[in-house]
Amino acid sequence: MAQIPAFLDMYRALVATPSVSCLNPEWDISNKAVIDQLAVWLTDFGFQVSIQELEAQPGKYNLLARIGPKHLSGGLLLSGHTDTVPWDEGRWSKNPFELTEADNKLYGLGSADMKGFFAFVLEALRDMDLTQLSKPLYILATADEETTMSGARELHRFANLKPEFAIIGEPTSMMPVRMHKGHITDSIRVTGRSGHSSNPDAGLNAIEVMHKVTHELLQLQQHLRDNYHEPALEVPYPTLNLGYIQGGDAANRICACCELHMDMRPLPGMGIDYLDNLLVKQLSELTKQYPGAIDITPMHPPIPGYSCPADASLVKLAEEISGHPAAPANYCTEAPFINDLGCETIVMGPGSIAQAHQPDEFIRLDEIKPSLDKLQQMIQRLCFNQAQEVS
């Protein structure tokens, strides 16, 4: 097999290469260096590697690597994102870009969420005879999952990417996740007319109109809670949260502008357009009463919910190998976009989601071997001669 670095050396190199994804350009960093490093290792393994610069985010890149019978389709896609969140300066007790071993843990930014997954994949493949693959094996590395999910939104640009199964290696302690909600974030802006507070009728107070808007939003919140349910989820209904509000500039002025930020989390299978239409309908009487004053603007591209059937062959296999029943998650992943490739999709990877986005992020050393064993079993069962057992 190819002479790739030892497992901890790969981990160390990935952590040491900054790839922060952030909507603030002062923090945002290209992921190209991580992509280039993965390309070298995967090429040494014999993979055919394709790298694409994102159309929506120039300077950010996706990588797709393929190995296995050229005349066959299907197979397994192992997917991860190459970006991390920013680090909290002053809250890390260790260098976030230096892999530090201490207290039976490996510390570093991306150690759990989730650049370390690529080291796990390559280590799992190290002793496998990849010339004996009976189904194709794909490795996907995406950009900007932590912000816009732009990388996952451009998978259609890879020609003929049609795996039968996909595993996204987000940290789940190697327990399979088969479902999660989506995420929509909107800004609602009320534009009034300013004036002196001594004559309220001379203007239109945006705060007063927003008060009526929030009343309608709370009515919609209750409607969602009462009428839509997915019992498998911990919070089994779509949520609506009012997260931020700002308006006005002085006590003696009629407020001319008030802005509210809110999010909604749709259930799997609940269309983004359907939920948007519910919001517009709920505010329709107010928009008629105050023409041109109320504006709804998406704050980022929406993320739909996702689910894989409980009886899907991939779910059953993951439950068998992990020893745990498949469960839903409360967070979003790239699963809905990968699922759109037409494959059975689960989320299952090493490390704990409790460490994601935290100072002193880590993965436990005693997780490594069990996680590698489970990952190797999934690859063996899905891509080698045993593949027909789960087809």
# chains A, B, ... in the order shown; residues from 1 in each chain; ligands from 1
$ closest_atom_pairs --of "range 66-121 of chain A" --to "range 159-179 of chain A" --cutoff "8 Å" --atoms "only C-alpha atoms" --output "CSV"
residue,atom,partner,partner_atom,distance
A:Ser73,CA,A:Pro163,CA,6.8
A:Gly74,CA,A:Pro163,CA,4.2
A:Gly75,CA,A:Pro163,CA,5.1
A:Leu76,CA,A:Phe165,CA,4.8
A:Leu77,CA,A:Ala166,CA,4.5
A:Leu78,CA,A:Ile167,CA,5.1
A:Ser79,CA,A:Ile168,CA,4.7
A:Gly80,CA,A:Gly169,CA,5.6
A:Ala112,CA,A:Pro171,CA,6.1
A:Asp113,CA,A:Pro171,CA,6.3
A:Met114,CA,A:Glu170,CA,6.2
A:Phe117,CA,A:Gly169,CA,6.1
$ select_by_dssp --residues "range 304-342 of chain A" --states "alpha helix (DSSP H)" --output "list in words"
Ser313, Leu314, Val315, Lys316, Leu317, Ala318, Glu319, Glu320, Ile321, Ser322, Ala335, Pro336, Phe337, Ile338 and Asn339 of chain A
$ write_last_selection --atoms "C-alpha atoms" --output "mmCIF file, in the first residue's frame"
data_model
loop_
_atom_site.group_PDB
_atom_site.id
_atom_site.type_symbol
_atom_site.label_atom_id
_atom_site.label_comp_id
_atom_site.auth_asym_id
_atom_site.auth_seq_id
_atom_site.Cartn_x
_atom_site.Cartn_y
_atom_site.Cartn_z
ATOM 1 C CA SER A 313 -30.336 -1.203 4.134
ATOM 2 C CA LEU A 314 -27.624 1.323 5.053
ATOM 3 C CA VAL A 315 -29.409 2.197 8.298
ATOM 4 C CA LYS A 316 -29.794 -1.468 9.209
ATOM 5 C CA LEU A 317 -26.129 -2.174 8.474
ATOM 6 C CA ALA A 318 -24.965 0.838 10.509
ATOM 7 C CA GLU A 319 -27.127 -0.254 13.423
ATOM 8 C CA GLU A 320 -25.669 -3.751 13.252
ATOM 9 C CA ILE A 321 -22.049 -2.577 13.129
ATOM 10 C CA SER A 322 -22.380 0.251 15.654
ATOM 11 C CA ALA A 335 -27.035 15.266 4.369
ATOM 12 C CA PRO A 336 -29.994 16.773 2.440
ATOM 13 C CA PHE A 337 -27.704 17.835 -0.407
ATOM 14 C CA ILE A 338 -25.857 14.512 -0.540
ATOM 15 C CA ASN A 339 -29.155 12.680 -0.246
#
$ select_by_dssp --residues "range 168-272 of chain A" --states "strand (DSSP E or B)" --output "ChimeraX atom specification"
/A:168,177-180,183-191,193,196,204,239-247,253,257-265
$ write_last_selection --atoms "N, CA and C atoms" --output "mmCIF file, in the first residue's frame"
data_model
loop_
_atom_site.group_PDB
_atom_site.id
_atom_site.type_symbol
_atom_site.label_atom_id
_atom_site.label_comp_id
_atom_site.auth_asym_id
_atom_site.auth_seq_id
_atom_site.Cartn_x
_atom_site.Cartn_y
_atom_site.Cartn_z
ATOM 1 N N ILE A 168 -21.700 10.444 6.034
ATOM 2 C CA ILE A 168 -21.112 11.744 6.350
ATOM 3 C C ILE A 168 -20.482 11.625 7.731
ATOM 4 N N VAL A 177 -26.951 8.422 12.534
ATOM 5 C CA VAL A 177 -28.006 9.439 12.527
ATOM 6 C C VAL A 177 -28.685 9.356 11.168
ATOM 7 N N ARG A 178 -30.003 9.292 11.170
ATOM 8 C CA ARG A 178 -30.730 9.131 9.914
ATOM 9 C C ARG A 178 -31.719 10.270 9.628
ATOM 10 N N MET A 179 -31.711 11.307 10.453
ATOM 11 C CA MET A 179 -32.732 12.343 10.305
ATOM 12 C C MET A 179 -32.307 13.613 11.023
ATOM 13 N N HIS A 180 -32.585 14.762 10.423
ATOM 14 C CA HIS A 180 -32.485 16.029 11.153
ATOM 15 C C HIS A 180 -33.352 17.086 10.495
ATOM 16 N N HIS A 183 -33.044 24.353 8.320
ATOM 17 C CA HIS A 183 -32.800 25.644 8.985
ATOM 18 C C HIS A 183 -33.047 26.784 8.006
ATOM 19 N N ILE A 184 -33.899 27.705 8.409
ATOM 20 C CA ILE A 184 -34.208 28.909 7.630
ATOM 21 C C ILE A 184 -33.997 30.107 8.537
ATOM 22 N N THR A 185 -33.285 31.113 8.073
ATOM 23 C CA THR A 185 -33.097 32.344 8.848
ATOM 24 C C THR A 185 -33.563 33.533 8.017
ATOM 25 N N ASP A 186 -34.478 34.311 8.566
ATOM 26 C CA ASP A 186 -35.034 35.472 7.863
ATOM 27 C C ASP A 186 -34.855 36.740 8.674
ATOM 28 N N SER A 187 -34.714 37.835 7.950
ATOM 29 C CA SER A 187 -34.777 39.171 8.540
ATOM 30 C C SER A 187 -36.118 39.788 8.152
ATOM 31 N N ILE A 188 -36.830 40.294 9.145
ATOM 32 C CA ILE A 188 -38.065 41.036 8.877
ATOM 33 C C ILE A 188 -37.816 42.487 9.259
ATOM 34 N N ARG A 189 -37.917 43.343 8.263
ATOM 35 C CA ARG A 189 -37.660 44.773 8.478
ATOM 36 C C ARG A 189 -38.954 45.561 8.285
ATOM 37 N N VAL A 190 -39.263 46.389 9.266
ATOM 38 C CA VAL A 190 -40.393 47.308 9.160
ATOM 39 C C VAL A 190 -39.840 48.716 8.945
ATOM 40 N N THR A 191 -40.246 49.336 7.862
ATOM 41 C CA THR A 191 -39.816 50.696 7.544
ATOM 42 C C THR A 191 -40.994 51.645 7.776
ATOM 43 N N ARG A 193 -42.128 55.872 9.207
ATOM 44 C CA ARG A 193 -41.837 57.273 8.869
ATOM 45 C C ARG A 193 -41.500 58.008 10.163
ATOM 46 N N HIS A 196 -41.492 63.828 15.009
ATOM 47 C CA HIS A 196 -41.382 64.217 16.415
ATOM 48 C C HIS A 196 -42.387 63.434 17.241
ATOM 49 N N LEU A 204 -45.099 57.002 11.107
ATOM 50 C CA LEU A 204 -45.498 55.595 11.259
ATOM 51 C C LEU A 204 -44.441 54.925 12.118
ATOM 52 N N THR A 239 -39.870 24.446 14.690
ATOM 53 C CA THR A 239 -39.737 25.546 15.652
ATOM 54 C C THR A 239 -39.605 26.880 14.926
ATOM 55 N N LEU A 240 -40.009 27.922 15.620
ATOM 56 C CA LEU A 240 -39.844 29.308 15.158
ATOM 57 C C LEU A 240 -39.294 30.092 16.328
ATOM 58 N N ASN A 241 -38.161 30.714 16.144
ATOM 59 C CA ASN A 241 -37.501 31.449 17.224
ATOM 60 C C ASN A 241 -37.279 32.906 16.829
ATOM 61 N N LEU A 242 -37.665 33.817 17.722
ATOM 62 C CA LEU A 242 -37.377 35.238 17.546
ATOM 63 C C LEU A 242 -36.059 35.517 18.264
ATOM 64 N N GLY A 243 -34.996 35.762 17.486
ATOM 65 C CA GLY A 243 -33.671 35.768 18.083
ATOM 66 C C GLY A 243 -33.026 37.122 18.290
ATOM 67 N N TYR A 244 -33.478 38.144 17.552
ATOM 68 C CA TYR A 244 -32.790 39.444 17.621
ATOM 69 C C TYR A 244 -33.771 40.512 17.175
ATOM 70 N N ILE A 245 -33.740 41.650 17.857
ATOM 71 C CA ILE A 245 -34.577 42.773 17.429
ATOM 72 C C ILE A 245 -33.862 44.078 17.750
ATOM 73 N N GLN A 246 -34.017 45.059 16.849
ATOM 74 C CA GLN A 246 -33.399 46.366 17.057
ATOM 75 C C GLN A 246 -34.232 47.405 16.327
ATOM 76 N N GLY A 247 -34.398 48.560 16.945
ATOM 77 C CA GLY A 247 -35.133 49.612 16.275
ATOM 78 C C GLY A 247 -35.065 50.916 17.046
ATOM 79 N N ARG A 253 -38.286 60.484 19.275
ATOM 80 C CA ARG A 253 -38.495 60.384 17.822
ATOM 81 C C ARG A 253 -39.388 59.183 17.517
ATOM 82 N N CYS A 257 -37.423 52.663 11.721
ATOM 83 C CA CYS A 257 -36.997 51.349 11.242
ATOM 84 C C CYS A 257 -36.859 50.397 12.424
ATOM 85 N N CYS A 258 -37.358 49.188 12.252
ATOM 86 C CA CYS A 258 -37.206 48.143 13.259
ATOM 87 C C CYS A 258 -36.938 46.828 12.530
ATOM 88 N N GLU A 259 -35.952 46.076 13.000
ATOM 89 C CA GLU A 259 -35.548 44.848 12.312
ATOM 90 C C GLU A 259 -35.533 43.673 13.293
ATOM 91 N N LEU A 260 -36.070 42.555 12.847
ATOM 92 C CA LEU A 260 -36.156 41.335 13.630
ATOM 93 C C LEU A 260 -35.481 40.207 12.855
ATOM 94 N N HIS A 261 -34.662 39.408 13.541
ATOM 95 C CA HIS A 261 -34.087 38.204 12.952
ATOM 96 C C HIS A 261 -34.739 36.988 13.608
ATOM 97 N N MET A 262 -35.150 36.048 12.791
ATOM 98 C CA MET A 262 -35.846 34.861 13.284
ATOM 99 C C MET A 262 -35.368 33.635 12.529
ATOM 100 N N ASP A 263 -35.519 32.477 13.163
ATOM 101 C CA ASP A 263 -35.239 31.253 12.422
ATOM 102 C C ASP A 263 -36.391 30.275 12.576
ATOM 103 N N MET A 264 -36.538 29.427 11.548
ATOM 104 C CA MET A 264 -37.484 28.329 11.559
ATOM 105 C C MET A 264 -36.722 27.055 11.208
ATOM 106 N N ARG A 265 -37.110 25.962 11.840
ATOM 107 C CA ARG A 265 -36.446 24.680 11.602
ATOM 108 C C ARG A 265 -37.495 23.669 11.132
#
$ atom_distance --atom1 "CA of Tyr138 in chain A" --atom2 "CA of Ala65 in chain A"
5.5 Å
$ residues_around --residues "range 22-24 of chain A" --least-positions-apart "4" --cutoff "8 Å" --atoms "only C-alpha atoms" --output "PyMOL selection string"
chain A and resi 28-29+85-86+146-147
$ closest_residue --among "A:Leu283, A:Asp9, A:Asn252, A:Gln3" --to "Leu218 in chain A" --atoms "only C-alpha atoms"
A:Leu283
$ closest_residue --among "A:Ala13, A:Ala356, A:Cys308, A:Ile294" --to "Gly342 in chain A" --atoms "only C-alpha atoms"
A:Cys308
$ closest_residue --among "A:Gly46, A:Pro231, A:Gly351, A:Gly182" --to "Arg364 in chain A" --atoms "only C-alpha atoms"
A:Gly351
$ residues_around --residues "Ala251 in chain A" --least-positions-apart "2" --cutoff "12 Å" --atoms "only C-alpha atoms" --output "compact mmCIF listing (two decimals) with C-alpha atoms, in the first residue's frame"
# COMPACT_ATOMS: atom_id res chain seq x y z
CA SER A 194 -39.91 59.32 11.39
CA GLY A 195 -41.19 62.41 13.12
CA HIS A 196 -41.38 64.22 16.41
CA SER A 197 -42.82 62.11 19.22
CA SER A 198 -45.15 64.97 20.22
CA ASN A 205 -43.87 53.97 14.25
CA ILE A 207 -41.76 49.48 16.61
CA GLY A 247 -35.13 49.61 16.28
CA GLY A 248 -35.25 53.33 16.93
CA ASP A 249 -32.64 55.87 17.89
CA ARG A 253 -38.50 60.38 17.82
CA ILE A 254 -41.03 58.21 16.02
CA CYS A 255 -39.13 55.04 15.16
$ closest_residue --among "A:Val20, A:Ile35, A:Leu137, A:Leu278" --to "Leu72 in chain A" --atoms "only C-alpha atoms"
A:Leu137
$ residues_around --residues "Leu279 in chain A" --least-positions-apart "4" --cutoff "8 Å" --atoms "only C-alpha atoms" --output "count of residues only"
4
$ closest_residue --among "A:Asp340, A:Ser284, A:Ile368, A:Pro69" --to "Lys212 in chain A" --atoms "only C-alpha atoms"
A:Ser284
$ residues_around --residues "Leu155 in chain A" --least-positions-apart "3" --cutoff "10 Å" --atoms "only C-alpha atoms" --output "ChimeraX atom specification"
/A:52,54,62-64,140,142,150-152,158-159,161,337-338,340-341
$ write_last_selection --atoms "C-alpha atoms" --output "JSON list (two decimals), in the first residue's frame"
[["chain", "number", "residue", "atom", "x", "y", "z"],
["A", 52, "GLN", "CA", -13.31, 22.14, -8.35],
["A", 54, "LEU", "CA", -16.78, 26.80, -6.16],
["A", 62, "ASN", "CA", -14.46, 20.77, -3.32],
["A", 63, "LEU", "CA", -12.55, 17.53, -3.87],
["A", 64, "LEU", "CA", -13.93, 14.23, -5.14],
["A", 140, "LEU", "CA", -15.75, 13.80, -0.87],
["A", 142, "THR", "CA", -16.40, 19.99, 0.78],
["A", 150, "SER", "CA", -21.89, 26.26, -0.72],
["A", 151, "GLY", "CA", -19.71, 23.21, -1.35],
["A", 152, "ALA", "CA", -22.53, 20.73, -0.81],
["A", 158, "PHE", "CA", -19.20, 16.39, -10.50],
["A", 159, "ALA", "CA", -20.26, 14.31, -13.51],
["A", 161, "LEU", "CA", -21.61, 11.09, -9.10],
["A", 337, "PHE", "CA", -27.70, 17.84, -0.41],
["A", 338, "ILE", "CA", -25.86, 14.51, -0.54],
["A", 340, "ASP", "CA", -30.24, 14.50, -3.42],
["A", 341, "LEU", "CA", -27.64, 12.43, -5.30]]
$ residues_around --residues "Ile4 in chain A" --least-positions-apart "5" --cutoff "12 Å" --atoms "only C-alpha atoms" --output "list of chain:residue names"
A:Asp9, A:Met10, A:Gln37, A:Leu38, A:Ala39, A:Val40, A:Trp41, A:Leu42, A:Thr43, A:Asp44, A:Phe45, A:Gly46, A:Ala119, A:Leu122, A:Glu123, A:Leu125, A:Arg126, A:Asp127
$ write_last_selection --atoms "C-alpha atoms" --output "JSON list (two decimals), in the first residue's frame"
[["chain", "number", "residue", "atom", "x", "y", "z"],
["A", 9, "ASP", "CA", 0.93, 12.63, 11.46],
["A", 10, "MET", "CA", -2.02, 13.02, 9.09],
["A", 37, "GLN", "CA", -2.92, 17.88, 1.07],
["A", 38, "LEU", "CA", -5.80, 15.42, 0.77],
["A", 39, "ALA", "CA", -5.25, 15.24, -2.97],
["A", 40, "VAL", "CA", -1.63, 14.16, -2.46],
["A", 41, "TRP", "CA", -2.53, 11.42, 0.00],
["A", 42, "LEU", "CA", -5.48, 10.14, -2.04],
["A", 43, "THR", "CA", -3.44, 10.11, -5.25],
["A", 44, "ASP", "CA", -0.79, 8.04, -3.46],
["A", 45, "PHE", "CA", -3.57, 5.57, -2.63],
["A", 46, "GLY", "CA", -4.46, 5.27, -6.31],
["A", 119, "ALA", "CA", -7.31, 10.82, 8.73],
["A", 122, "LEU", "CA", -7.20, 7.00, 5.09],
["A", 123, "GLU", "CA", -6.10, 4.97, 8.09],
["A", 125, "LEU", "CA", -7.97, 2.05, 4.01],
["A", 126, "ARG", "CA", -4.28, 1.59, 4.78],
["A", 127, "ASP", "CA", -4.34, -2.21, 5.00]]
